[in-house]
$ cat coords19.pdb   # PDB, C-alpha atoms
ATOM      1  CA  MET A   1     -10.150 -26.014 -13.703
ATOM      2  CA  MET A   2     -13.768 -26.455 -14.815
ATOM      3  CA  THR A   3     -15.459 -23.996 -12.454
ATOM      4  CA  PRO A   4     -14.598 -20.263 -12.536
ATOM      5  CA  ILE A   5     -12.025 -18.921 -10.088
ATOM      6  CA  ARG A   6     -13.921 -16.804  -7.559
ATOM      7  CA  ILE A   7     -11.894 -13.729  -6.667
ATOM      8  CA  GLY A   8     -12.847 -11.509  -3.746
ATOM      9  CA  THR A   9     -12.551  -7.744  -3.998
ATOM     10  CA  ARG A  10     -13.705  -4.568  -2.351
ATOM     11  CA  GLY A  11     -16.260  -2.658  -4.403
ATOM     12  CA  SER A  12     -14.369   0.602  -4.967
ATOM     13  CA  ALA A  13     -13.368   1.559  -8.487
ATOM     14  CA  LEU A  14      -9.685   1.144  -7.653
ATOM     15  CA  ALA A  15     -10.178  -2.245  -6.003
ATOM     16  CA  MET A  16     -12.279  -3.491  -8.900
ATOM     17  CA  THR A  17      -9.688  -2.297 -11.424
ATOM     18  CA  GLN A  18      -6.828  -3.909  -9.517
ATOM     19  CA  THR A  19      -8.694  -7.165  -8.991
ATOM     20  CA  THR A  20      -9.779  -7.375 -12.621
ATOM     21  CA  SER A  21      -6.161  -7.063 -13.787
ATOM     22  CA  VAL A  22      -5.164  -9.868 -11.404
ATOM     23  CA  ALA A  23      -8.147 -12.020 -12.380
ATOM     24  CA  GLU A  24      -7.407 -11.751 -16.086
ATOM     25  CA  ARG A  25      -3.775 -12.752 -15.638
ATOM     26  CA  VAL A  26      -4.438 -15.595 -13.187
ATOM     27  CA  GLY A  27      -7.282 -16.832 -15.380
ATOM     28  CA  ASP A  28      -4.967 -16.931 -18.390
ATOM     29  CA  LEU A  29      -2.244 -18.754 -16.471
ATOM     30  CA  ALA A  30      -4.686 -21.264 -15.003
ATOM     31  CA  GLU A  31      -6.598 -21.584 -18.301
ATOM     32  CA  SER A  32      -9.807 -20.849 -16.442
ATOM     33  CA  SER A  33     -12.624 -18.342 -16.398
ATOM     34  CA  TYR A  34     -13.161 -16.158 -13.328
ATOM     35  CA  GLU A  35     -15.842 -14.261 -11.474
ATOM     36  CA  LEU A  36     -15.447 -11.320  -9.106
ATOM     37  CA  VAL A  37     -17.087 -11.482  -5.688
ATOM     38  CA  ARG A  38     -17.651  -8.094  -4.046
ATOM     39  CA  VAL A  39     -17.069  -8.041  -0.309
ATOM     40  CA  ARG A  40     -17.908  -5.070   1.885
ATOM     41  CA  THR A  41     -15.263  -4.409   4.530
ATOM     42  CA  GLU A  42     -15.312  -2.418   7.773
ATOM     43  CA  GLY A  43     -13.155   0.221   6.109
ATOM     44  CA  ASP A  44     -15.903   0.787   3.551
ATOM     45  CA  VAL A  45     -18.541   1.253   6.260
ATOM     46  CA  LEU A  46     -16.871   3.040   9.183
ATOM     47  CA  LYS A  47     -16.195   6.773   9.120
ATOM     48  CA  GLY A  48     -13.354   8.704  10.684
ATOM     49  CA  SER A  49      -9.600   8.569  10.212
ATOM     50  CA  LEU A  50      -7.849   5.254   9.646
ATOM     51  CA  SER A  51      -6.048   5.520  12.975
ATOM     52  CA  GLN A  52      -9.412   5.901  14.750
ATOM     53  CA  ILE A  53     -11.127   2.953  13.060
ATOM     54  CA  GLY A  54      -8.259   0.492  13.352
ATOM     55  CA  GLY A  55      -5.763   1.222  10.594
ATOM     56  CA  THR A  56      -5.756  -0.060   7.036
ATOM     57  CA  GLY A  57      -6.258  -3.643   8.258
ATOM     58  CA  VAL A  58      -9.994  -2.850   8.369
ATOM     59  CA  PHE A  59      -9.996  -3.231   4.572
ATOM     60  CA  VAL A  60      -8.690  -6.805   4.759
ATOM     61  CA  ALA A  61     -10.515  -8.845   7.430
ATOM     62  CA  ALA A  62     -13.797  -9.400   5.586
ATOM     63  CA  LEU A  63     -12.001 -10.478   2.407
ATOM     64  CA  ARG A  64      -9.899 -12.962   4.350
ATOM     65  CA  GLU A  65     -13.006 -14.341   6.026
ATOM     66  CA  ALA A  66     -14.669 -14.815   2.637
ATOM     67  CA  VAL A  67     -11.725 -16.934   1.452
ATOM     68  CA  LEU A  68     -11.594 -18.983   4.656
ATOM     69  CA  GLN A  69     -15.338 -19.621   4.414
ATOM     70  CA  GLU A  70     -14.821 -20.730   0.776
ATOM     71  CA  ARG A  71     -17.063 -18.010  -0.624
ATOM     72  CA  CYS A  72     -14.011 -17.007  -2.675
ATOM     73  CA  ASP A  73     -10.948 -18.865  -3.886
ATOM     74  CA  LEU A  74      -8.667 -15.816  -3.835
ATOM     75  CA  ALA A  75      -8.646 -12.326  -2.376
ATOM     76  CA  VAL A  76      -6.804  -9.355  -3.863
ATOM     77  CA  HIS A  77      -5.513  -6.594  -1.582
ATOM     78  CA  SER A  78      -3.367  -3.514  -1.875
ATOM     79  CA  LEU A  79      -0.290  -4.913  -0.167
ATOM     80  CA  LYS A  80       0.234  -1.806   1.942
ATOM     81  CA  ASP A  81      -3.158  -2.558   3.586
ATOM     82  CA  LEU A  82      -2.156  -6.085   4.583
ATOM     83  CA  PRO A  83      -1.289  -6.589   8.281
ATOM     84  CA  THR A  84       2.226  -7.879   8.832
ATOM     85  CA  LEU A  85       1.035 -10.959  10.720
ATOM     86  CA  PRO A  86      -0.257 -13.777   8.469
ATOM     87  CA  ALA A  87      -3.831 -14.995   8.840
ATOM     88  CA  PRO A  88      -4.090 -18.624  10.012
ATOM     89  CA  GLY A  89      -5.235 -20.828   7.149
ATOM     90  CA  LEU A  90      -4.227 -18.358   4.430
ATOM     91  CA  THR A  91      -1.053 -17.850   2.437
ATOM     92  CA  LEU A  92       0.294 -14.953   0.393
ATOM     93  CA  ALA A  93       0.309 -16.889  -2.855
ATOM     94  CA  ALA A  94       1.411 -14.189  -5.291
ATOM     95  CA  VAL A  95       2.855 -10.698  -5.320
ATOM     96  CA  PRO A  96       2.664  -9.411  -8.910
ATOM     97  CA  GLU A  97       5.242  -7.032 -10.345
ATOM     98  CA  ARG A  98       5.029  -3.696  -8.591
ATOM     99  CA  GLU A  99       3.685  -0.455 -10.047
ATOM    100  CA  ASP A 100       5.181   2.993  -9.332
ATOM    101  CA  VAL A 101       6.070   3.154  -5.618
ATOM    102  CA  ARG A 102       5.961   6.939  -5.296
ATOM    103  CA  ASP A 103       3.445   9.277  -3.750
ATOM    104  CA  ALA A 104       1.866  11.801  -6.084
ATOM    105  CA  LEU A 105       0.895  15.412  -5.447
ATOM    106  CA  CYS A 106      -2.283  16.484  -7.222
ATOM    107  CA  ALA A 107      -2.506  20.259  -6.888
ATOM    108  CA  ARG A 108      -4.417  23.201  -8.298
ATOM    109  CA  ASP A 109      -2.835  25.241 -11.067
ATOM    110  CA  GLY A 110      -0.012  22.762 -11.649
ATOM    111  CA  LEU A 111       1.645  23.540  -8.327
ATOM    112  CA  THR A 112       4.397  21.338  -6.881
ATOM    113  CA  LEU A 113       5.410  20.706  -3.288
ATOM    114  CA  ALA A 114       8.043  23.431  -3.593
ATOM    115  CA  THR A 115       5.722  26.008  -5.175
ATOM    116  CA  LEU A 116       2.666  25.552  -2.929
ATOM    117  CA  PRO A 117       2.265  28.823  -1.021
ATOM    118  CA  ASP A 118       2.553  28.954   2.752
ATOM    119  CA  GLY A 119      -0.856  28.305   4.254
ATOM    120  CA  ALA A 120      -1.864  25.972   1.420
ATOM    121  CA  ARG A 121      -4.261  23.230   2.528
ATOM    122  CA  VAL A 122      -3.098  19.728   1.510
ATOM    123  CA  GLY A 123      -5.271  16.668   2.100
ATOM    124  CA  THR A 124      -4.197  13.141   3.047
ATOM    125  CA  GLY A 125      -5.532  10.337   5.212
ATOM    126  CA  SER A 126      -2.064   8.931   5.908
ATOM    127  CA  PRO A 127      -0.077   9.867   9.052
ATOM    128  CA  ARG A 128       3.079   8.873   7.148
ATOM    129  CA  ARG A 129       2.365  11.302   4.321
ATOM    130  CA  ALA A 130       1.196  13.993   6.731
ATOM    131  CA  ALA A 131       4.387  13.822   8.796
ATOM    132  CA  GLN A 132       6.678  13.949   5.772
ATOM    133  CA  LEU A 133       4.636  16.777   4.240
ATOM    134  CA  ARG A 134       5.026  18.801   7.429
ATOM    135  CA  ALA A 135       8.768  18.079   7.467
ATOM    136  CA  ALA A 136       9.240  19.129   3.837
ATOM    137  CA  ARG A 137       6.933  22.160   3.994
ATOM    138  CA  PRO A 138       6.354  23.370   7.561
ATOM    139  CA  GLY A 139       4.270  26.322   6.336
ATOM    140  CA  ILE A 140       1.419  24.295   4.827
ATOM    141  CA  GLU A 141      -1.722  23.024   6.563
ATOM    142  CA  VAL A 142      -2.295  19.255   6.381
ATOM    143  CA  VAL A 143      -5.971  18.259   6.335
ATOM    144  CA  ASP A 144      -7.130  14.727   7.246
ATOM    145  CA  ILE A 145      -9.409  13.312   4.517
ATOM    146  CA  ARG A 146     -11.117  10.033   3.625
ATOM    147  CA  GLY A 147     -12.853   8.774   0.502
ATOM    148  CA  ASN A 148     -12.086   7.092  -2.796
ATOM    149  CA  VAL A 149      -9.662   8.482  -5.351
ATOM    150  CA  ASP A 150     -12.189  10.574  -7.270
ATOM    151  CA  THR A 151     -13.702  11.952  -4.065
ATOM    152  CA  ARG A 152     -10.269  13.066  -2.929
ATOM    153  CA  LEU A 153      -9.381  14.585  -6.297
ATOM    154  CA  GLY A 154     -12.681  16.489  -6.134
ATOM    155  CA  ARG A 155     -11.452  18.231  -2.991
ATOM    156  CA  VAL A 156      -8.775  20.057  -5.035
ATOM    157  CA  ALA A 157      -9.797  23.425  -6.422
ATOM    158  CA  GLY A 158     -10.333  23.248 -10.173
ATOM    159  CA  LEU A 159      -9.468  19.573 -10.663
ATOM    160  CA  VAL A 160     -13.003  18.184 -10.962
ATOM    161  CA  SER A 161     -15.837  20.264 -12.377
ATOM    162  CA  GLY A 162     -18.669  20.767  -9.893
ATOM    163  CA  ALA A 163     -16.681  19.296  -6.970
ATOM    164  CA  PRO A 164     -16.136  21.155  -3.664
ATOM    165  CA  GLY A 165     -12.564  22.244  -4.383
ATOM    166  CA  ASP A 166     -11.817  23.276  -0.781
ATOM    167  CA  LEU A 167      -8.163  22.164  -0.827
ATOM    168  CA  ASP A 168      -5.073  23.295  -2.689
ATOM    169  CA  ALA A 169      -3.751  19.754  -3.170
ATOM    170  CA  VAL A 170      -4.029  16.128  -2.120
ATOM    171  CA  VAL A 171      -1.401  13.388  -1.938
ATOM    172  CA  LEU A 172      -2.270   9.924  -3.269
ATOM    173  CA  ALA A 173      -0.368   6.824  -4.337
ATOM    174  CA  ALA A 174       0.861   7.160  -7.909
ATOM    175  CA  ALA A 175       0.087   3.477  -8.530
ATOM    176  CA  GLY A 176      -3.616   3.896  -7.831
ATOM    177  CA  LEU A 177      -3.863   6.973 -10.024
ATOM    178  CA  ARG A 178      -2.144   5.147 -12.883
ATOM    179  CA  ARG A 179      -4.341   2.070 -12.541
ATOM    180  CA  LEU A 180      -7.445   4.268 -12.729
ATOM    181  CA  GLY A 181      -6.138   6.318 -15.649
ATOM    182  CA  ARG A 182      -5.953   9.509 -13.548
ATOM    183  CA  GLU A 183      -2.325  10.365 -14.362
ATOM    184  CA  LYS A 184      -3.302  13.805 -15.689
ATOM    185  CA  ALA A 185      -4.213  14.871 -12.161
ATOM    186  CA  ILE A 186      -0.599  14.409 -11.014
ATOM    187  CA  THR A 187       1.371  17.660 -10.784
ATOM    188  CA  GLU A 188       4.422  16.086  -9.115
ATOM    189  CA  LEU A 189       5.707  12.585  -8.440
ATOM    190  CA  VAL A 190       7.288  13.096  -5.036
ATOM    191  CA  ASP A 191      10.879  11.865  -4.858
ATOM    192  CA  PRO A 192      11.311   9.114  -2.239
ATOM    193  CA  ALA A 193      14.197  11.222  -0.907
ATOM    194  CA  VAL A 194      11.478  13.642   0.250
ATOM    195  CA  MET A 195       8.672  11.182   1.002
ATOM    196  CA  LEU A 196       9.388   7.482   1.493
ATOM    197  CA  PRO A 197       6.359   5.367   0.519
ATOM    198  CA  ALA A 198       4.462   2.989   2.772
ATOM    199  CA  PRO A 199       5.846  -0.544   3.029
ATOM    200  CA  GLY A 200       4.367  -2.472   0.106
ATOM    201  CA  GLN A 201       3.063   0.627  -1.689
ATOM    202  CA  GLY A 202       2.414   0.057  -5.388
ATOM    203  CA  ALA A 203       2.222  -3.728  -4.964
ATOM    204  CA  LEU A 204      -0.754  -6.074  -4.840
ATOM    205  CA  ALA A 205      -1.226  -9.178  -2.703
ATOM    206  CA  VAL A 206      -3.103 -12.323  -3.726
ATOM    207  CA  GLU A 207      -4.114 -14.571  -0.833
ATOM    208  CA  CYS A 208      -5.582 -18.069  -0.982
ATOM    209  CA  ARG A 209      -6.232 -20.914   1.438
ATOM    210  CA  GLU A 210      -3.190 -22.887   2.502
ATOM    211  CA  SER A 211      -5.118 -26.005   1.582
ATOM    212  CA  GLU A 212      -5.973 -24.780  -1.917
ATOM    213  CA  SER A 213      -5.537 -27.710  -4.313
ATOM    214  CA  ALA A 214      -7.608 -26.775  -7.362
ATOM    215  CA  PRO A 215      -5.843 -28.100 -10.484
ATOM    216  CA  GLY A 216      -3.628 -25.449 -12.018
ATOM    217  CA  LEU A 217      -4.472 -22.611  -9.594
ATOM    218  CA  ARG A 218      -1.499 -22.845  -7.242
ATOM    219  CA  GLU A 219       0.826 -23.327 -10.211
ATOM    220  CA  ALA A 220      -0.667 -20.238 -11.885
ATOM    221  CA  LEU A 221      -0.172 -18.168  -8.744
ATOM    222  CA  THR A 222       3.436 -19.347  -8.400
ATOM    223  CA  SER A 223       4.069 -18.333 -12.001
ATOM    224  CA  TYR A 224       2.389 -14.945 -11.429
ATOM    225  CA  ASP A 225       4.594 -14.144  -8.424
ATOM    226  CA  HIS A 226       7.338 -11.588  -9.156
ATOM    227  CA  GLY A 227      10.498 -12.531  -7.277
ATOM    228  CA  SER A 228      12.168  -9.104  -7.022
ATOM    229  CA  THR A 229       8.954  -7.445  -5.895
ATOM    230  CA  ARG A 230       8.330 -10.103  -3.255
ATOM    231  CA  LEU A 231      11.845  -9.721  -1.844
ATOM    232  CA  ALA A 232      11.495  -5.931  -1.689
ATOM    233  CA  VAL A 233       8.112  -5.893   0.033
ATOM    234  CA  THR A 234       9.176  -8.672   2.404
ATOM    235  CA  ALA A 235      12.059  -6.508   3.631
ATOM    236  CA  GLU A 236       9.831  -3.437   3.939
ATOM    237  CA  ARG A 237       7.114  -5.251   5.862
ATOM    238  CA  ALA A 238       9.715  -6.817   8.173
ATOM    239  CA  VAL A 239      10.611  -3.295   9.311
ATOM    240  CA  LEU A 240       6.993  -2.726  10.350
ATOM    241  CA  TRP A 241       6.775  -6.093  12.071
ATOM    242  CA  ARG A 242       9.957  -5.574  14.077
ATOM    243  CA  LEU A 243       8.901  -2.074  15.118
ATOM    244  CA  GLU A 244       5.515  -3.480  16.193
ATOM    245  CA  ALA A 245       3.920  -0.741  14.130
ATOM    246  CA  GLY A 246       0.616  -0.806  12.310
ATOM    247  CA  CYS A 247      -0.050  -0.040   8.668
ATOM    248  CA  SER A 248      -1.104   3.520   9.529
ATOM    249  CA  ALA A 249       2.000   4.381  11.621
ATOM    250  CA  PRO A 250       4.152   7.312  10.416
ATOM    251  CA  ILE A 251       6.737   4.951   8.927
ATOM    252  CA  GLY A 252       8.004   4.660   5.367
ATOM    253  CA  ALA A 253      10.169   1.956   3.839
ATOM    254  CA  LEU A 254      11.445   1.211   0.365
ATOM    255  CA  ALA A 255      13.567  -1.700  -0.825
ATOM    256  CA  ARG A 256      15.017  -2.270  -4.267
ATOM    257  CA  VAL A 257      17.016  -5.063  -5.859
ATOM    258  CA  GLN A 258      20.152  -3.404  -7.223
ATOM    259  CA  GLY A 259      22.332  -5.918  -9.003
ATOM    260  CA  ASP A 260      23.288  -8.561  -6.460
ATOM    261  CA  GLU A 261      22.204  -6.440  -3.473
ATOM    262  CA  LEU A 262      18.881  -5.694  -1.781
ATOM    263  CA  ALA A 263      18.948  -2.060  -0.645
ATOM    264  CA  LEU A 264      16.477  -0.989   2.054
ATOM    265  CA  GLU A 265      15.730   2.481   3.404
ATOM    266  CA  ALA A 266      13.277   3.323   6.178
ATOM    267  CA  VAL A 267      12.038   6.439   7.941
ATOM    268  CA  VAL A 268      10.316   6.945  11.286
ATOM    269  CA  CYS A 269       8.572  10.283  11.804
ATOM    270  CA  SER A 270       6.926  12.153  14.632
ATOM    271  CA  LEU A 271       3.320  12.982  13.789
ATOM    272  CA  ASP A 272       4.114  16.699  13.609
ATOM    273  CA  GLY A 273       7.018  16.101  11.208
ATOM    274  CA  ARG A 274       9.535  17.834  13.471
ATOM    275  CA  SER A 275      11.556  14.695  14.212
ATOM    276  CA  ILE A 276      12.603  12.314  11.471
ATOM    277  CA  LEU A 277      14.937   9.331  11.669
ATOM    278  CA  ARG A 278      16.014   7.874   8.339
ATOM    279  CA  LEU A 279      18.446   4.968   7.888
ATOM    280  CA  ASN A 280      19.447   2.529   5.147
ATOM    281  CA  ARG A 281      21.093  -0.863   4.930
ATOM    282  CA  THR A 282      21.983  -3.382   2.206
ATOM    283  CA  ALA A 283      22.421  -7.144   2.072
ATOM    284  CA  PRO A 284      23.191  -9.697  -0.639
ATOM    285  CA  VAL A 285      20.123 -10.791  -2.582
ATOM    286  CA  GLY A 286      18.857 -14.032  -1.096
ATOM    287  CA  ASP A 287      15.562 -15.679  -0.271
ATOM    288  CA  ALA A 288      12.540 -14.329   1.619
ATOM    289  CA  ASP A 289      14.135 -15.192   4.974
ATOM    290  CA  ALA A 290      17.189 -13.123   4.088
ATOM    291  CA  ALA A 291      14.960 -10.211   3.036
ATOM    292  CA  SER A 292      13.099 -10.432   6.352
ATOM    293  CA  GLN A 293      16.389 -10.440   8.238
ATOM    294  CA  LEU A 294      17.454  -7.270   6.423
ATOM    295  CA  GLY A 295      14.245  -5.581   7.525
ATOM    296  CA  HIS A 296      14.664  -6.774  11.102
ATOM    297  CA  ASP A 297      18.265  -5.554  11.213
ATOM    298  CA  LEU A 298      17.357  -2.089   9.929
ATOM    299  CA  ALA A 299      14.463  -1.868  12.384
ATOM    300  CA  ASP A 300      16.834  -2.751  15.213
ATOM    301  CA  GLU A 301      19.109   0.086  14.092
ATOM    302  CA  LEU A 302      16.135   2.471  14.106
ATOM    303  CA  LEU A 303      15.163   1.388  17.605
ATOM    304  CA  ALA A 304      18.741   1.771  18.829
ATOM    305  CA  ALA A 305      18.771   5.287  17.371
ATOM    306  CA  GLY A 306      15.626   6.259  19.300
ATOM    307  CA  ALA A 307      12.720   5.456  16.963
ATOM    308  CA  ALA A 308      10.401   4.567  19.847
ATOM    309  CA  GLY A 309      10.786   8.067  21.257
ATOM    310  CA  ILE A 310       9.880   9.674  17.929
ATOM    311  CA  ALA A 311       6.765   7.857  16.723
ATOM    312  CA  PRO A 312       3.850   5.983  18.287
ATOM    313  CA  LEU A 313       4.954   2.471  17.329
ATOM    314  CA  THR A 314       3.026  -0.067  19.397
ATOM    315  CA  THR A 315      -0.289  -1.055  17.826
TER     316      THR A 315
END
$ encode --input "coords19.pdb" --output "structure tokens"
Amino acid sequence: MMTPIRIGTRGSALAMTQTTSVAERVGDLAESSYELVRVRTEGDVLKGSLSQIGGTGVFVAALREAVLQERCDLAVHSLKDLPTLPAPGLTLAAVPEREDVRDALCARDGLTLATLPDGARVGTGSPRRAAQLRAARPGIEVVDIRGNVDTRLGRVAGLVSGAPGDLDAVVLAAAGLRRLGREKAITELVDPAVMLPAPGQGALAVECRESESAPGLREALTSYDHGSTRLAVTAERAVLWRLEAGCSAPIGALARVQGDELALEAVVCSLDGRSILRLNRTAPVGDADAASQLGHDLADELLAAGAAGIAPLTT
């Protein structure tokens, strides 16, 4: 490829870091240079909670449009932000190997979820995290917050010098903290047994045009794709699709390849954390269609067990 690969990204520090890591690897595989194209999305402009402004899909639409309009060759997303329905004209060309899937508590004074005092104020912008926090620790106060990683860390008392420090803790994705080199802020990696992550959490998504035919690029993306990660996130996202739930619904899902089996666990929560339905299912490792079927089957079990009466599912 003679011309640089143009890779679309949001402008946040985390997005730029994630996209740069993808760009370097794809560039190496395609034996090409690259350039980053910053795209401002609705999620970067609109205020309010994610549920009010349209869910995490608001971070994706403008990037997809940039690829379709050929202003970019690729777009890099956090996979958990990607709507479950594909965009016409685009394909999910690569899912790189996943980072840590867990949620991370970043608290004052080294506190953990168990040692936070009753009445502690814990910040998150995720209904899924909020519901599971309330279930695990009914005595704490969950505060809805927005902002980038450093803004959120600054809300925790004593974590960032000169920052407001009006909260006792925040919960963020461990993967994002690691990618930004903010691991020291983590006081506890929350066990998935306590807090199941969002479908696709810790993974990245690389989209390109279905018609993309630049020499070496599609081959590079195929090589970059990580098979076990793709199977896992395919199963997780199939749960969301079958439940007709959006990215910001109080639903967690985690799949893992364990030997010759794909194990999937999912949770549906009421917003107040008082009702939680958690089920698991396994299937032989197969292709993406088999992974999707596993997700659909588990979602059907959740619905049969009353999931629709627990959480607001329809988008």
$ closest_residue --input "coords19.pdb" --among "A:Leu177, A:Ala131, A:Arg209, A:Pro250" --to "Arg152 in chain A" --atoms "only C-alpha atoms"
A:Leu177
$ resolve_selection --input "coords19.pdb" --expression "the PyMOL selection byres ((chain A and resi 6) around 6)" --output "PyMOL selection string"
chain A and resi 5+7+34-36+72-73
$ residues_near_point --input "coords19.pdb" --point "(7.7, -2.5, 11.8)" --cutoff "10 Å" --atoms "all atoms listed in the file" --output "MDAnalysis selection string"
chainID A and resid 84 199 236:247 249 251:253 266 268 295:296 298:300 313:314
$ residues_around --input "coords19.pdb" --residues "range 74-83 of chain A" --least-positions-apart "5" --cutoff "7 Å" --atoms "all atoms listed in the file" --output "VMD selection string"
chain A and resid 6 to 9 19 56 to 57 59 to 60 63 to 64 67 198 to 201 203 to 208 247
$ closest_residue --input "coords19.pdb" --among "A:Gln132, A:Thr3, A:Thr222, A:Ser292" --to "Thr91 in chain A" --atoms "all atoms listed in the file"
A:Thr222
$ axis_aligned_box --input "coords19.pdb" --around "range 213-218 of chain A" --padding-each-side "5 Å" --output "AutoDock Vina command-line options"
--center_x -4.6 --center_y -25.4 --center_z -8.2 --size_x 16.1 --size_y 15.5 --size_z 17.7
$ atom_distance --input "coords19.pdb" --atom1 "CA of Ala107 in chain A" --atom2 "CA of Ala163 in chain A"
14.2 Å
$ atom_distance --input "coords19.pdb" --atom1 "CA of Leu153 in chain A" --atom2 "CA of Ala130 in chain A"
16.8 Å
$ build_atoms --input "coords19.pdb" --residues "range 187-210 of chain A" --atoms "N, CA and C atoms" --output "compact mmCIF listing (two decimals), keeping the file's coordinate frame"
# COMPACT_ATOMS: atom_id res chain seq x y z
N THR A 187 0.53 16.50 -10.49
CA THR A 187 1.37 17.66 -10.78
C THR A 187 2.82 17.43 -10.36
N GLU A 188 3.05 16.44 -9.49
CA GLU A 188 4.42 16.09 -9.12
C GLU A 188 4.46 14.66 -8.56
N LEU A 189 5.39 13.87 -9.06
CA LEU A 189 5.71 12.58 -8.44
C LEU A 189 6.77 12.87 -7.39
N VAL A 190 6.41 12.67 -6.12
CA VAL A 190 7.29 13.10 -5.04
C VAL A 190 8.46 12.13 -4.91
N ASP A 191 9.66 12.68 -4.96
CA ASP A 191 10.88 11.86 -4.86
C ASP A 191 10.89 11.13 -3.52
N PRO A 192 11.21 9.83 -3.51
CA PRO A 192 11.31 9.11 -2.24
C PRO A 192 12.32 9.73 -1.28
N ALA A 193 13.27 10.52 -1.79
CA ALA A 193 14.20 11.22 -0.91
C ALA A 193 13.46 12.24 -0.04
N VAL A 194 12.30 12.69 -0.50
CA VAL A 194 11.48 13.64 0.25
C VAL A 194 10.38 12.91 1.01
N MET A 195 9.79 11.90 0.40
CA MET A 195 8.67 11.18 1.00
C MET A 195 8.80 9.70 0.70
N LEU A 196 9.30 8.93 1.68
CA LEU A 196 9.39 7.48 1.49
C LEU A 196 7.98 6.89 1.49
N PRO A 197 7.69 5.96 0.59
CA PRO A 197 6.36 5.37 0.52
C PRO A 197 6.09 4.42 1.68
N ALA A 198 4.84 4.00 1.78
CA ALA A 198 4.46 2.99 2.77
C ALA A 198 5.06 1.64 2.39
N PRO A 199 5.40 0.81 3.36
CA PRO A 199 5.85 -0.54 3.03
C PRO A 199 4.81 -1.25 2.15
N GLY A 200 5.27 -1.78 1.02
CA GLY A 200 4.37 -2.47 0.11
C GLY A 200 3.62 -1.58 -0.86
N GLN A 201 3.82 -0.27 -0.81
CA GLN A 201 3.06 0.63 -1.69
C GLN A 201 3.34 0.31 -3.16
N GLY A 202 2.29 0.34 -3.96
CA GLY A 202 2.41 0.06 -5.39
C GLY A 202 2.31 -1.41 -5.74
N ALA A 203 2.29 -2.28 -4.72
CA ALA A 203 2.22 -3.73 -4.96
C ALA A 203 0.85 -4.26 -4.56
N LEU A 204 0.49 -5.38 -5.17
CA LEU A 204 -0.75 -6.07 -4.84
C LEU A 204 -0.43 -7.40 -4.15
N ALA A 205 -1.38 -7.90 -3.40
CA ALA A 205 -1.23 -9.18 -2.70
C ALA A 205 -2.38 -10.09 -3.07
N VAL A 206 -2.08 -11.33 -3.41
CA VAL A 206 -3.10 -12.32 -3.73
C VAL A 206 -3.02 -13.42 -2.68
N GLU A 207 -4.07 -13.56 -1.88
CA GLU A 207 -4.11 -14.57 -0.83
C GLU A 207 -5.05 -15.71 -1.23
N CYS A 208 -4.70 -16.92 -0.81
CA CYS A 208 -5.58 -18.07 -0.98
C CYS A 208 -5.47 -18.97 0.25
N ARG A 209 -6.31 -19.97 0.32
CA ARG A 209 -6.23 -20.91 1.44
C ARG A 209 -4.96 -21.75 1.34
N GLU A 210 -4.37 -22.03 2.49
CA GLU A 210 -3.19 -22.89 2.50
C GLU A 210 -3.49 -24.25 1.91
